[in-house]
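File shown: run-v4.txt. Contents: compact mmCIF, N, CA and C atoms.
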# COMPACT_ATOMS: atom_id res chain seq x y z
N MET E 114 42.08 -12.28 -17.23
CA MET E 114 40.95 -12.01 -16.39
C MET E 114 40.26 -10.74 -16.91
N ARG E 115 38.95 -10.82 -16.98
CA ARG E 115 38.18 -9.67 -17.46
C ARG E 115 37.64 -8.88 -16.27
N LEU E 116 37.80 -7.59 -16.31
CA LEU E 116 37.26 -6.73 -15.26
C LEU E 116 35.93 -6.15 -15.73
N TRP E 117 34.93 -6.36 -14.94
CA TRP E 117 33.61 -5.85 -15.27
C TRP E 117 33.47 -4.44 -14.71
N PRO E 118 32.82 -3.58 -15.45
CA PRO E 118 32.63 -2.22 -14.93
C PRO E 118 31.73 -2.26 -13.70
N LYS E 119 31.98 -1.31 -12.83
CA LYS E 119 31.14 -1.21 -11.63
C LYS E 119 29.73 -0.80 -12.02
N ARG E 120 28.76 -1.33 -11.27
CA ARG E 120 27.38 -0.92 -11.50
C ARG E 120 27.18 0.52 -11.05
N SER E 121 26.24 1.14 -11.65
CA SER E 121 25.94 2.52 -11.29
C SER E 121 25.46 2.61 -9.85
N SER E 122 25.95 3.58 -9.15
CA SER E 122 25.51 3.78 -7.77
C SER E 122 24.43 4.86 -7.70
N ILE E 123 23.88 5.21 -8.85
CA ILE E 123 22.83 6.22 -8.89
C ILE E 123 21.55 5.61 -8.33
N THR E 124 20.94 6.30 -7.39
CA THR E 124 19.69 5.80 -6.84
C THR E 124 18.54 6.25 -7.72
N PRO E 125 17.49 5.43 -7.82
CA PRO E 125 16.36 5.83 -8.67
C PRO E 125 15.69 7.08 -8.11
N PRO E 126 15.03 7.83 -8.97
CA PRO E 126 14.37 9.04 -8.48
C PRO E 126 13.26 8.69 -7.50
N ARG E 127 13.03 9.60 -6.57
CA ARG E 127 11.96 9.39 -5.61
C ARG E 127 10.62 9.42 -6.31
N GLU E 128 9.73 8.54 -5.87
CA GLU E 128 8.38 8.53 -6.40
C GLU E 128 7.62 9.71 -5.81
N GLU E 129 6.61 10.14 -6.51
CA GLU E 129 5.79 11.25 -6.03
C GLU E 129 4.95 10.80 -4.83
N VAL E 130 4.99 11.56 -3.77
CA VAL E 130 4.19 11.28 -2.58
C VAL E 130 2.81 11.88 -2.79
N ASP E 131 1.76 11.07 -2.63
CA ASP E 131 0.39 11.56 -2.76
C ASP E 131 -0.08 12.03 -1.39
N PRO E 132 -0.49 13.28 -1.25
CA PRO E 132 -0.88 13.80 0.06
C PRO E 132 -2.13 13.13 0.64
N ARG E 133 -2.87 12.38 -0.17
CA ARG E 133 -4.06 11.69 0.34
C ARG E 133 -3.72 10.42 1.11
N VAL E 134 -2.48 9.93 0.96
CA VAL E 134 -2.06 8.72 1.67
C VAL E 134 -1.67 9.10 3.10
N PRO E 135 -2.31 8.48 4.10
CA PRO E 135 -1.93 8.81 5.48
C PRO E 135 -0.47 8.46 5.75
N LYS E 136 0.19 9.33 6.51
CA LYS E 136 1.57 9.06 6.89
C LYS E 136 1.62 7.82 7.77
N LEU E 137 2.72 7.13 7.74
CA LEU E 137 2.86 5.88 8.49
C LEU E 137 2.57 6.05 9.98
N VAL E 138 2.93 7.18 10.55
CA VAL E 138 2.68 7.41 11.98
C VAL E 138 1.19 7.44 12.30
N ASP E 139 0.34 7.65 11.29
CA ASP E 139 -1.10 7.70 11.50
C ASP E 139 -1.78 6.34 11.27
N TRP E 140 -1.02 5.33 10.86
CA TRP E 140 -1.60 4.00 10.67
C TRP E 140 -1.78 3.34 12.03
N ASP E 141 -2.84 2.52 12.16
CA ASP E 141 -2.97 1.78 13.42
C ASP E 141 -2.15 0.50 13.31
N GLN E 142 -2.21 -0.33 14.30
CA GLN E 142 -1.36 -1.53 14.34
C GLN E 142 -1.61 -2.50 13.19
N HIS E 143 -2.80 -2.47 12.61
CA HIS E 143 -3.12 -3.37 11.50
C HIS E 143 -2.84 -2.76 10.14
N GLY E 144 -2.77 -1.43 10.07
CA GLY E 144 -2.57 -0.74 8.80
C GLY E 144 -3.65 0.29 8.57
N ILE E 145 -4.01 0.49 7.30
CA ILE E 145 -5.06 1.44 6.96
C ILE E 145 -6.02 0.80 5.96
N VAL E 146 -7.20 1.41 5.84
CA VAL E 146 -8.25 0.88 4.97
C VAL E 146 -8.76 2.03 4.11
N GLY E 147 -9.09 1.72 2.85
CA GLY E 147 -9.63 2.73 1.95
C GLY E 147 -10.58 2.13 0.94
N THR E 148 -11.13 2.99 0.10
CA THR E 148 -12.07 2.57 -0.94
C THR E 148 -11.60 3.11 -2.28
N ILE E 149 -11.57 2.24 -3.30
CA ILE E 149 -11.20 2.64 -4.66
C ILE E 149 -12.36 3.46 -5.22
N GLY E 150 -12.03 4.62 -5.83
CA GLY E 150 -13.06 5.55 -6.28
C GLY E 150 -13.31 5.59 -7.77
N SER E 151 -12.43 5.02 -8.59
CA SER E 151 -12.63 5.08 -10.04
C SER E 151 -12.15 3.80 -10.70
N GLY E 152 -12.54 3.64 -11.96
CA GLY E 152 -12.17 2.44 -12.70
C GLY E 152 -13.15 1.32 -12.46
N PRO E 153 -12.93 0.18 -13.12
CA PRO E 153 -13.85 -0.95 -13.00
C PRO E 153 -13.99 -1.49 -11.57
N ALA E 154 -13.00 -1.26 -10.72
CA ALA E 154 -13.04 -1.78 -9.35
C ALA E 154 -13.54 -0.74 -8.35
N ALA E 155 -14.16 0.34 -8.82
CA ALA E 155 -14.67 1.37 -7.92
C ALA E 155 -15.55 0.73 -6.86
N GLY E 156 -15.35 1.14 -5.62
CA GLY E 156 -16.11 0.58 -4.51
C GLY E 156 -15.40 -0.54 -3.78
N THR E 157 -14.32 -1.04 -4.36
CA THR E 157 -13.54 -2.11 -3.73
C THR E 157 -12.80 -1.57 -2.51
N THR E 158 -12.80 -2.35 -1.44
CA THR E 158 -12.06 -2.00 -0.23
C THR E 158 -10.61 -2.43 -0.41
N VAL E 159 -9.69 -1.54 -0.11
CA VAL E 159 -8.26 -1.85 -0.19
C VAL E 159 -7.67 -1.69 1.21
N VAL E 160 -6.83 -2.65 1.59
CA VAL E 160 -6.19 -2.65 2.90
C VAL E 160 -4.69 -2.60 2.70
N ALA E 161 -4.04 -1.75 3.46
CA ALA E 161 -2.58 -1.70 3.49
C ALA E 161 -2.15 -2.19 4.87
N HIS E 162 -1.66 -3.43 4.93
CA HIS E 162 -1.18 -4.01 6.19
C HIS E 162 0.29 -3.65 6.36
N SER E 163 0.65 -3.17 7.54
CA SER E 163 2.06 -2.87 7.78
C SER E 163 2.71 -4.01 8.57
N TYR E 164 3.94 -4.29 8.23
CA TYR E 164 4.75 -5.30 8.93
C TYR E 164 5.96 -4.57 9.47
N ARG E 165 6.18 -4.72 10.77
CA ARG E 165 7.21 -3.94 11.45
C ARG E 165 8.42 -4.79 11.83
N THR E 166 9.54 -4.11 12.00
CA THR E 166 10.76 -4.76 12.48
C THR E 166 10.64 -4.92 14.00
N GLU E 167 11.60 -5.58 14.58
CA GLU E 167 11.61 -5.77 16.04
C GLU E 167 11.69 -4.44 16.78
N THR E 168 12.26 -3.44 16.15
CA THR E 168 12.39 -2.13 16.79
C THR E 168 11.20 -1.22 16.51
N GLY E 169 10.22 -1.70 15.75
CA GLY E 169 9.01 -0.92 15.48
C GLY E 169 9.02 -0.15 14.18
N GLY E 170 10.13 -0.17 13.46
CA GLY E 170 10.19 0.51 12.17
C GLY E 170 9.45 -0.29 11.10
N LEU E 171 9.19 0.34 9.99
CA LEU E 171 8.52 -0.35 8.89
C LEU E 171 9.47 -1.33 8.22
N ASP E 172 9.04 -2.58 8.11
CA ASP E 172 9.77 -3.57 7.32
C ASP E 172 9.24 -3.48 5.89
N PHE E 173 7.91 -3.61 5.75
CA PHE E 173 7.23 -3.45 4.48
C PHE E 173 5.74 -3.35 4.73
N TYR E 174 4.99 -2.96 3.71
CA TYR E 174 3.53 -3.01 3.79
C TYR E 174 3.04 -3.82 2.60
N GLU E 175 1.83 -4.32 2.73
CA GLU E 175 1.22 -5.17 1.71
C GLU E 175 -0.13 -4.58 1.35
N LEU E 176 -0.42 -4.48 0.06
CA LEU E 176 -1.71 -3.98 -0.40
C LEU E 176 -2.60 -5.17 -0.77
N GLU E 177 -3.79 -5.17 -0.22
CA GLU E 177 -4.73 -6.27 -0.46
C GLU E 177 -6.06 -5.68 -0.90
N PHE E 178 -6.61 -6.23 -1.97
CA PHE E 178 -7.93 -5.80 -2.45
C PHE E 178 -8.94 -6.72 -1.80
N TRP E 179 -9.60 -6.21 -0.78
CA TRP E 179 -10.37 -7.03 0.14
C TRP E 179 -11.56 -7.71 -0.50
N ASP E 180 -12.38 -6.97 -1.21
CA ASP E 180 -13.64 -7.51 -1.72
C ASP E 180 -13.79 -7.27 -3.21
N GLY E 181 -12.67 -7.28 -3.90
CA GLY E 181 -12.71 -6.98 -5.33
C GLY E 181 -11.86 -7.94 -6.13
N PRO E 182 -11.52 -7.53 -7.33
CA PRO E 182 -10.74 -8.38 -8.24
C PRO E 182 -9.28 -8.52 -7.78
N ASP E 183 -8.58 -9.47 -8.39
CA ASP E 183 -7.16 -9.69 -8.09
C ASP E 183 -6.26 -8.70 -8.81
N GLN E 184 -6.79 -8.05 -9.83
CA GLN E 184 -6.02 -7.04 -10.56
C GLN E 184 -6.87 -5.79 -10.70
N ILE E 185 -6.23 -4.64 -10.54
CA ILE E 185 -6.92 -3.36 -10.62
C ILE E 185 -6.50 -2.65 -11.90
N PHE E 186 -7.50 -2.11 -12.60
CA PHE E 186 -7.28 -1.35 -13.82
C PHE E 186 -7.85 0.04 -13.63
N ASP E 187 -7.28 1.04 -14.32
CA ASP E 187 -7.81 2.39 -14.23
C ASP E 187 -9.01 2.55 -15.15
N ALA E 188 -9.58 3.74 -15.19
CA ALA E 188 -10.79 3.98 -15.97
C ALA E 188 -10.57 3.78 -17.47
N ALA E 189 -9.31 3.92 -17.94
CA ALA E 189 -8.99 3.72 -19.36
C ALA E 189 -8.68 2.26 -19.68
N GLY E 190 -8.74 1.39 -18.66
CA GLY E 190 -8.48 -0.03 -18.88
C GLY E 190 -7.02 -0.44 -18.75
N ARG E 191 -6.16 0.49 -18.32
CA ARG E 191 -4.74 0.18 -18.15
C ARG E 191 -4.53 -0.52 -16.81
N PHE E 192 -3.68 -1.54 -16.82
CA PHE E 192 -3.34 -2.28 -15.60
C PHE E 192 -2.65 -1.34 -14.61
N VAL E 193 -3.08 -1.40 -13.34
CA VAL E 193 -2.48 -0.58 -12.30
C VAL E 193 -1.69 -1.44 -11.33
N MET E 194 -2.31 -2.50 -10.79
CA MET E 194 -1.64 -3.26 -9.74
C MET E 194 -2.34 -4.59 -9.50
N SER E 195 -1.57 -5.57 -9.04
CA SER E 195 -2.12 -6.87 -8.63
C SER E 195 -2.34 -6.89 -7.13
N ASP E 196 -3.18 -7.79 -6.70
CA ASP E 196 -3.43 -8.01 -5.28
C ASP E 196 -2.17 -8.55 -4.61
N TRP E 197 -2.01 -8.25 -3.33
CA TRP E 197 -0.94 -8.78 -2.49
C TRP E 197 0.46 -8.30 -2.87
N VAL E 198 0.59 -7.09 -3.39
CA VAL E 198 1.92 -6.55 -3.66
C VAL E 198 2.49 -5.98 -2.37
N THR E 199 3.82 -5.94 -2.29
CA THR E 199 4.49 -5.39 -1.11
C THR E 199 5.44 -4.28 -1.52
N ASP E 200 5.71 -3.41 -0.57
CA ASP E 200 6.60 -2.28 -0.80
C ASP E 200 7.26 -1.92 0.53
N SER E 201 8.53 -1.57 0.49
CA SER E 201 9.23 -1.21 1.72
C SER E 201 9.46 0.30 1.85
N ARG E 202 8.97 1.09 0.89
CA ARG E 202 9.11 2.54 0.99
C ARG E 202 8.14 3.08 2.03
N VAL E 203 8.56 4.06 2.78
CA VAL E 203 7.76 4.59 3.88
C VAL E 203 6.65 5.49 3.35
N PRO E 204 5.37 5.10 3.57
CA PRO E 204 4.25 5.92 3.11
C PRO E 204 4.28 7.32 3.74
N GLY E 205 3.98 8.31 2.91
CA GLY E 205 3.99 9.68 3.39
C GLY E 205 5.34 10.34 3.35
N GLU E 206 6.39 9.56 3.05
CA GLU E 206 7.74 10.11 2.99
C GLU E 206 8.45 9.81 1.67
N GLU E 207 8.33 8.57 1.20
CA GLU E 207 9.11 8.14 0.04
C GLU E 207 8.29 7.86 -1.20
N GLY E 208 6.98 7.96 -1.12
CA GLY E 208 6.18 7.57 -2.27
C GLY E 208 6.22 6.06 -2.40
N GLY E 209 5.64 5.53 -3.42
CA GLY E 209 5.67 4.09 -3.61
C GLY E 209 4.37 3.57 -4.18
N LEU E 210 4.15 2.28 -4.02
CA LEU E 210 2.99 1.63 -4.62
C LEU E 210 1.67 2.18 -4.08
N ILE E 211 1.62 2.47 -2.79
CA ILE E 211 0.38 2.99 -2.22
C ILE E 211 0.03 4.35 -2.81
N ASP E 212 1.04 5.15 -3.08
CA ASP E 212 0.81 6.46 -3.70
C ASP E 212 0.34 6.30 -5.15
N ALA E 213 0.96 5.38 -5.87
CA ALA E 213 0.57 5.12 -7.26
C ALA E 213 -0.87 4.62 -7.32
N LEU E 214 -1.23 3.68 -6.45
CA LEU E 214 -2.60 3.17 -6.42
C LEU E 214 -3.59 4.29 -6.12
N THR E 215 -3.26 5.12 -5.14
CA THR E 215 -4.14 6.23 -4.75
C THR E 215 -4.36 7.18 -5.92
N ARG E 216 -3.30 7.51 -6.64
CA ARG E 216 -3.40 8.41 -7.79
C ARG E 216 -4.19 7.79 -8.94
N GLU E 217 -3.86 6.55 -9.28
CA GLU E 217 -4.41 5.93 -10.49
C GLU E 217 -5.89 5.58 -10.39
N VAL E 218 -6.37 5.20 -9.20
CA VAL E 218 -7.78 4.81 -9.07
C VAL E 218 -8.49 5.56 -7.95
N ASP E 219 -7.93 6.71 -7.57
CA ASP E 219 -8.58 7.64 -6.65
C ASP E 219 -9.03 6.98 -5.35
N VAL E 220 -8.08 6.39 -4.63
CA VAL E 220 -8.41 5.75 -3.35
C VAL E 220 -8.68 6.82 -2.30
N THR E 221 -9.75 6.63 -1.56
CA THR E 221 -10.06 7.48 -0.41
C THR E 221 -9.75 6.66 0.83
N TRP E 222 -8.76 7.08 1.59
CA TRP E 222 -8.37 6.37 2.80
C TRP E 222 -9.28 6.80 3.94
N TRP E 223 -9.80 5.85 4.67
CA TRP E 223 -10.77 6.12 5.72
C TRP E 223 -10.12 6.88 6.86
N THR E 224 -10.86 7.83 7.42
CA THR E 224 -10.38 8.57 8.59
C THR E 224 -11.31 8.41 9.78
N ASP E 225 -12.52 7.90 9.54
CA ASP E 225 -13.49 7.72 10.62
C ASP E 225 -13.08 6.53 11.48
N ARG E 226 -12.63 6.82 12.69
CA ARG E 226 -12.11 5.79 13.60
C ARG E 226 -13.14 4.69 13.88
N GLU E 227 -14.41 5.07 14.01
CA GLU E 227 -15.46 4.08 14.27
C GLU E 227 -15.58 3.09 13.11
N ARG E 228 -15.55 3.61 11.89
CA ARG E 228 -15.65 2.76 10.70
C ARG E 228 -14.45 1.82 10.59
N ILE E 229 -13.27 2.36 10.85
CA ILE E 229 -12.04 1.55 10.79
C ILE E 229 -12.08 0.45 11.85
N ASP E 230 -12.43 0.81 13.08
CA ASP E 230 -12.49 -0.18 14.16
C ASP E 230 -13.52 -1.26 13.86
N ALA E 231 -14.66 -0.88 13.28
CA ALA E 231 -15.69 -1.86 12.93
C ALA E 231 -15.17 -2.81 11.86
N PHE E 232 -14.44 -2.28 10.88
CA PHE E 232 -13.87 -3.14 9.82
C PHE E 232 -12.91 -4.15 10.43
N TRP E 233 -11.97 -3.68 11.27
CA TRP E 233 -10.99 -4.58 11.85
C TRP E 233 -11.64 -5.60 12.78
N SER E 234 -12.69 -5.21 13.50
CA SER E 234 -13.33 -6.16 14.42
C SER E 234 -13.98 -7.30 13.66
N VAL E 235 -14.43 -7.04 12.44
CA VAL E 235 -15.04 -8.09 11.62
C VAL E 235 -13.99 -8.89 10.84
N HIS E 236 -12.95 -8.22 10.36
CA HIS E 236 -12.03 -8.84 9.40
C HIS E 236 -10.65 -9.18 9.92
N TRP E 237 -10.35 -8.91 11.17
CA TRP E 237 -9.01 -9.20 11.67
C TRP E 237 -9.10 -10.23 12.77
N ASP E 238 -8.45 -11.36 12.58
CA ASP E 238 -8.42 -12.42 13.58
C ASP E 238 -6.98 -12.52 14.09
N PRO E 239 -6.70 -11.97 15.27
CA PRO E 239 -5.32 -11.92 15.76
C PRO E 239 -4.76 -13.23 16.28
N ARG E 240 -5.44 -14.34 16.03
CA ARG E 240 -4.93 -15.63 16.53
C ARG E 240 -3.58 -15.92 16.06

Go ahead and express the file in the form of C-alpha cells.
Amino acid sequence: MRLWPKRSSITPPREEVDPRVPKLVDWDQHGIVGTIGSGPAAGTTVVAHSYRTETGGLDFYELEFWDGPDQIFDAAGRFVMSDWVTDSRVPGEEGGLIDALTREVDVTWWTDRERIDAFWSVHWDPR
C-alpha cells in the first residue's frame, strides 16, 4: 500500500482589499451597482448581486456586466474577468474578485441612493 503525503494546509494569502469597494454591510438587499471607469468597457454598468444563507450571512456574490461585453479587459488589453463570475469572499474584509475588478478597471461604486433605487426599480423583477 502506498501512502500519499498529506496536502498542504497552508491557506492562500489574503487578497488586497480595495477601499473603494463598499463593505458588505452597506449593500442593499439586491447588491451594489457601479460603473467601469477605464479600458475598452469604460462606462459599462457592473452589478454585484449578493446571495445570502438562511441566517443572513453571505453565501456568495455574483458580478454581472449589465450593459457591456461578456469579457472585461484593462486599458493595456489584458483580460480581467468574465461576466457572471462568483466569489464567496466577504467584500470589504477578505478581498476577492470585486476588489480585483475595481482595481483593474477603476470601478466607481454608486453611493447616490436615488440613482441606485432608480436602477433597481427598472432592472429588478422580484417575481

Would you tabulate, counting all atoms listed in the file, all residues of stretch 171-195 of chain E that have an atom at most 8 Å from an atom of stretch 136-156 of chain E, showing the closest pair of atoms and their distance in Å to one decimal, sorted by chain then ascending number, as JSON lines?
{"residue": "E:Asp180", "atom": "C", "partner": "E:Gly156", "partner_atom": "C", "distance": 6.9}
{"residue": "E:Gly181", "atom": "CA", "partner": "E:Ala154", "partner_atom": "CA", "distance": 6.6}
{"residue": "E:Pro182", "atom": "N", "partner": "E:Ala154", "partner_atom": "CA", "distance": 6.3}
{"residue": "E:Gln184", "atom": "C", "partner": "E:Ala154", "partner_atom": "CA", "distance": 7.5}
{"residue": "E:Ile185", "atom": "CA", "partner": "E:Ala154", "partner_atom": "N", "distance": 6.4}
{"residue": "E:Phe186", "atom": "C", "partner": "E:Gly152", "partner_atom": "CA", "distance": 5.0}
{"residue": "E:Asp187", "atom": "C", "partner": "E:Gly152", "partner_atom": "CA", "distance": 4.0}
{"residue": "E:Ala188", "atom": "N", "partner": "E:Gly152", "partner_atom": "CA", "distance": 3.8}
{"residue": "E:Ala189", "atom": "N", "partner": "E:Gly152", "partner_atom": "CA", "distance": 6.2}
{"residue": "E:Gly190", "atom": "N", "partner": "E:Gly152", "partner_atom": "CA", "distance": 7.0}

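What separates atom N of E:His162 from atom C of E:Pro204 is a distance of 12.3 Å.
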
Notebook entry, point to check: Could you state the separation of atom C of E:Tyr174 and atom N of E:Leu210 in Å, given to one decimal place?
Noted result: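 Here the two named atoms are 9.1 Å from each other.
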
Practice task
Using DSSP on the backbone coordinates, identify the residues of chain E assigned to strand (DSSP E); present them as an NGL selection string.
Solution key: :E and (145-148 or 158-165 or 171-178 or 184-186 or 192-195 or 198-200 or 221-222)

Would you write out those residues with N, CA and C atoms, as a compact mmCIF listing (two decimals), in the frame of the given file?
# COMPACT_ATOMS: atom_id res chain seq x y z
N ILE E 145 -4.01 0.49 7.30
CA ILE E 145 -5.06 1.44 6.96
C ILE E 145 -6.02 0.80 5.96
N VAL E 146 -7.20 1.41 5.84
CA VAL E 146 -8.25 0.88 4.97
C VAL E 146 -8.76 2.03 4.11
N GLY E 147 -9.09 1.72 2.85
CA GLY E 147 -9.63 2.73 1.95
C GLY E 147 -10.58 2.13 0.94
N THR E 148 -11.13 2.99 0.10
CA THR E 148 -12.07 2.57 -0.94
C THR E 148 -11.60 3.11 -2.28
N THR E 158 -12.80 -2.35 -1.44
CA THR E 158 -12.06 -2.00 -0.23
C THR E 158 -10.61 -2.43 -0.41
N VAL E 159 -9.69 -1.54 -0.11
CA VAL E 159 -8.26 -1.85 -0.19
C VAL E 159 -7.67 -1.69 1.21
N VAL E 160 -6.83 -2.65 1.59
CA VAL E 160 -6.19 -2.65 2.90
C VAL E 160 -4.69 -2.60 2.70
N ALA E 161 -4.04 -1.75 3.46
CA ALA E 161 -2.58 -1.70 3.49
C ALA E 161 -2.15 -2.19 4.87
N HIS E 162 -1.66 -3.43 4.93
CA HIS E 162 -1.18 -4.01 6.19
C HIS E 162 0.29 -3.65 6.36
N SER E 163 0.65 -3.17 7.54
CA SER E 163 2.06 -2.87 7.78
C SER E 163 2.71 -4.01 8.57
N TYR E 164 3.94 -4.29 8.23
CA TYR E 164 4.75 -5.30 8.93
C TYR E 164 5.96 -4.57 9.47
N ARG E 165 6.18 -4.72 10.77
CA ARG E 165 7.21 -3.94 11.45
C ARG E 165 8.42 -4.79 11.83
N LEU E 171 9.19 0.34 9.99
CA LEU E 171 8.52 -0.35 8.89
C LEU E 171 9.47 -1.33 8.22
N ASP E 172 9.04 -2.58 8.11
CA ASP E 172 9.77 -3.57 7.32
C ASP E 172 9.24 -3.48 5.89
N PHE E 173 7.91 -3.61 5.75
CA PHE E 173 7.23 -3.45 4.48
C PHE E 173 5.74 -3.35 4.73
N TYR E 174 4.99 -2.96 3.71
CA TYR E 174 3.53 -3.01 3.79
C TYR E 174 3.04 -3.82 2.60
N GLU E 175 1.83 -4.32 2.73
CA GLU E 175 1.22 -5.17 1.71
C GLU E 175 -0.13 -4.58 1.35
N LEU E 176 -0.42 -4.48 0.06
CA LEU E 176 -1.71 -3.98 -0.40
C LEU E 176 -2.60 -5.17 -0.77
N GLU E 177 -3.79 -5.17 -0.22
CA GLU E 177 -4.73 -6.27 -0.46
C GLU E 177 -6.06 -5.68 -0.90
N PHE E 178 -6.61 -6.23 -1.97
CA PHE E 178 -7.93 -5.80 -2.45
C PHE E 178 -8.94 -6.72 -1.80
N GLN E 184 -6.79 -8.05 -9.83
CA GLN E 184 -6.02 -7.04 -10.56
C GLN E 184 -6.87 -5.79 -10.70
N ILE E 185 -6.23 -4.64 -10.54
CA ILE E 185 -6.92 -3.36 -10.62
C ILE E 185 -6.50 -2.65 -11.90
N PHE E 186 -7.50 -2.11 -12.60
CA PHE E 186 -7.28 -1.35 -13.82
C PHE E 186 -7.85 0.04 -13.63
N PHE E 192 -3.68 -1.54 -16.82
CA PHE E 192 -3.34 -2.28 -15.60
C PHE E 192 -2.65 -1.34 -14.61
N VAL E 193 -3.08 -1.40 -13.34
CA VAL E 193 -2.48 -0.58 -12.30
C VAL E 193 -1.69 -1.44 -11.33
N MET E 194 -2.31 -2.50 -10.79
CA MET E 194 -1.64 -3.26 -9.74
C MET E 194 -2.34 -4.59 -9.50
N SER E 195 -1.57 -5.57 -9.04
CA SER E 195 -2.12 -6.87 -8.63
C SER E 195 -2.34 -6.89 -7.13
N VAL E 198 0.59 -7.09 -3.39
CA VAL E 198 1.92 -6.55 -3.66
C VAL E 198 2.49 -5.98 -2.37
N THR E 199 3.82 -5.94 -2.29
CA THR E 199 4.49 -5.39 -1.11
C THR E 199 5.44 -4.28 -1.52
N ASP E 200 5.71 -3.41 -0.57
CA ASP E 200 6.60 -2.28 -0.80
C ASP E 200 7.26 -1.92 0.53
N THR E 221 -9.75 6.63 -1.56
CA THR E 221 -10.06 7.48 -0.41
C THR E 221 -9.75 6.66 0.83
N TRP E 222 -8.76 7.08 1.59
CA TRP E 222 -8.37 6.37 2.80
C TRP E 222 -9.28 6.80 3.94

Taking the structure in the block just given, could you write stretch 200-236 of chain E with C-alpha atoms, as a tab-separated table (two decimals), in the first residue's frame?
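What follows is the written file decode.tsv:
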chain	number	residue	atom	x	y	z
E	200	ASP	CA	-16.96	34.67	-5.24
E	201	SER	CA	-17.62	33.73	-1.63
E	202	ARG	CA	-15.06	36.06	-0.03
E	203	VAL	CA	-16.63	38.82	2.05
E	204	PRO	CA	-16.31	42.22	0.31
E	205	GLY	CA	-14.59	44.83	2.42
E	206	GLU	CA	-12.96	42.17	4.61
E	207	GLU	CA	-11.29	39.44	2.56
E	208	GLY	CA	-10.62	40.97	-0.83
E	209	GLY	CA	-11.57	38.97	-3.87
E	210	LEU	CA	-12.87	39.31	-7.40
E	211	ILE	CA	-14.78	42.52	-6.74
E	212	ASP	CA	-11.61	44.15	-5.41
E	213	ALA	CA	-9.59	42.95	-8.41
E	214	LEU	CA	-12.21	44.26	-10.85
E	215	THR	CA	-12.33	47.62	-9.03
E	216	ARG	CA	-8.54	47.97	-9.18
E	217	GLU	CA	-8.02	46.77	-12.75
E	218	VAL	CA	-10.71	48.85	-14.50
E	219	ASP	CA	-11.33	51.60	-11.94
E	220	VAL	CA	-14.92	50.78	-10.95
E	221	THR	CA	-16.79	53.58	-9.20
E	222	TRP	CA	-19.45	52.08	-6.94
E	223	TRP	CA	-22.58	54.20	-6.75
E	224	THR	CA	-23.42	55.87	-3.45
E	225	ASP	CA	-26.38	58.02	-4.54
E	226	ARG	CA	-29.38	56.20	-3.05
E	227	GLU	CA	-31.80	57.78	-5.56
E	228	ARG	CA	-29.73	56.56	-8.52
E	229	ILE	CA	-29.42	53.06	-7.05
E	230	ASP	CA	-33.15	52.83	-6.29
E	231	ALA	CA	-34.00	54.03	-9.81
E	232	PHE	CA	-31.71	51.36	-11.30
E	233	TRP	CA	-33.26	48.56	-9.25
E	234	SER	CA	-36.82	49.74	-9.97
E	235	VAL	CA	-36.13	49.41	-13.70
E	236	HIS	CA	-33.92	46.31	-13.69
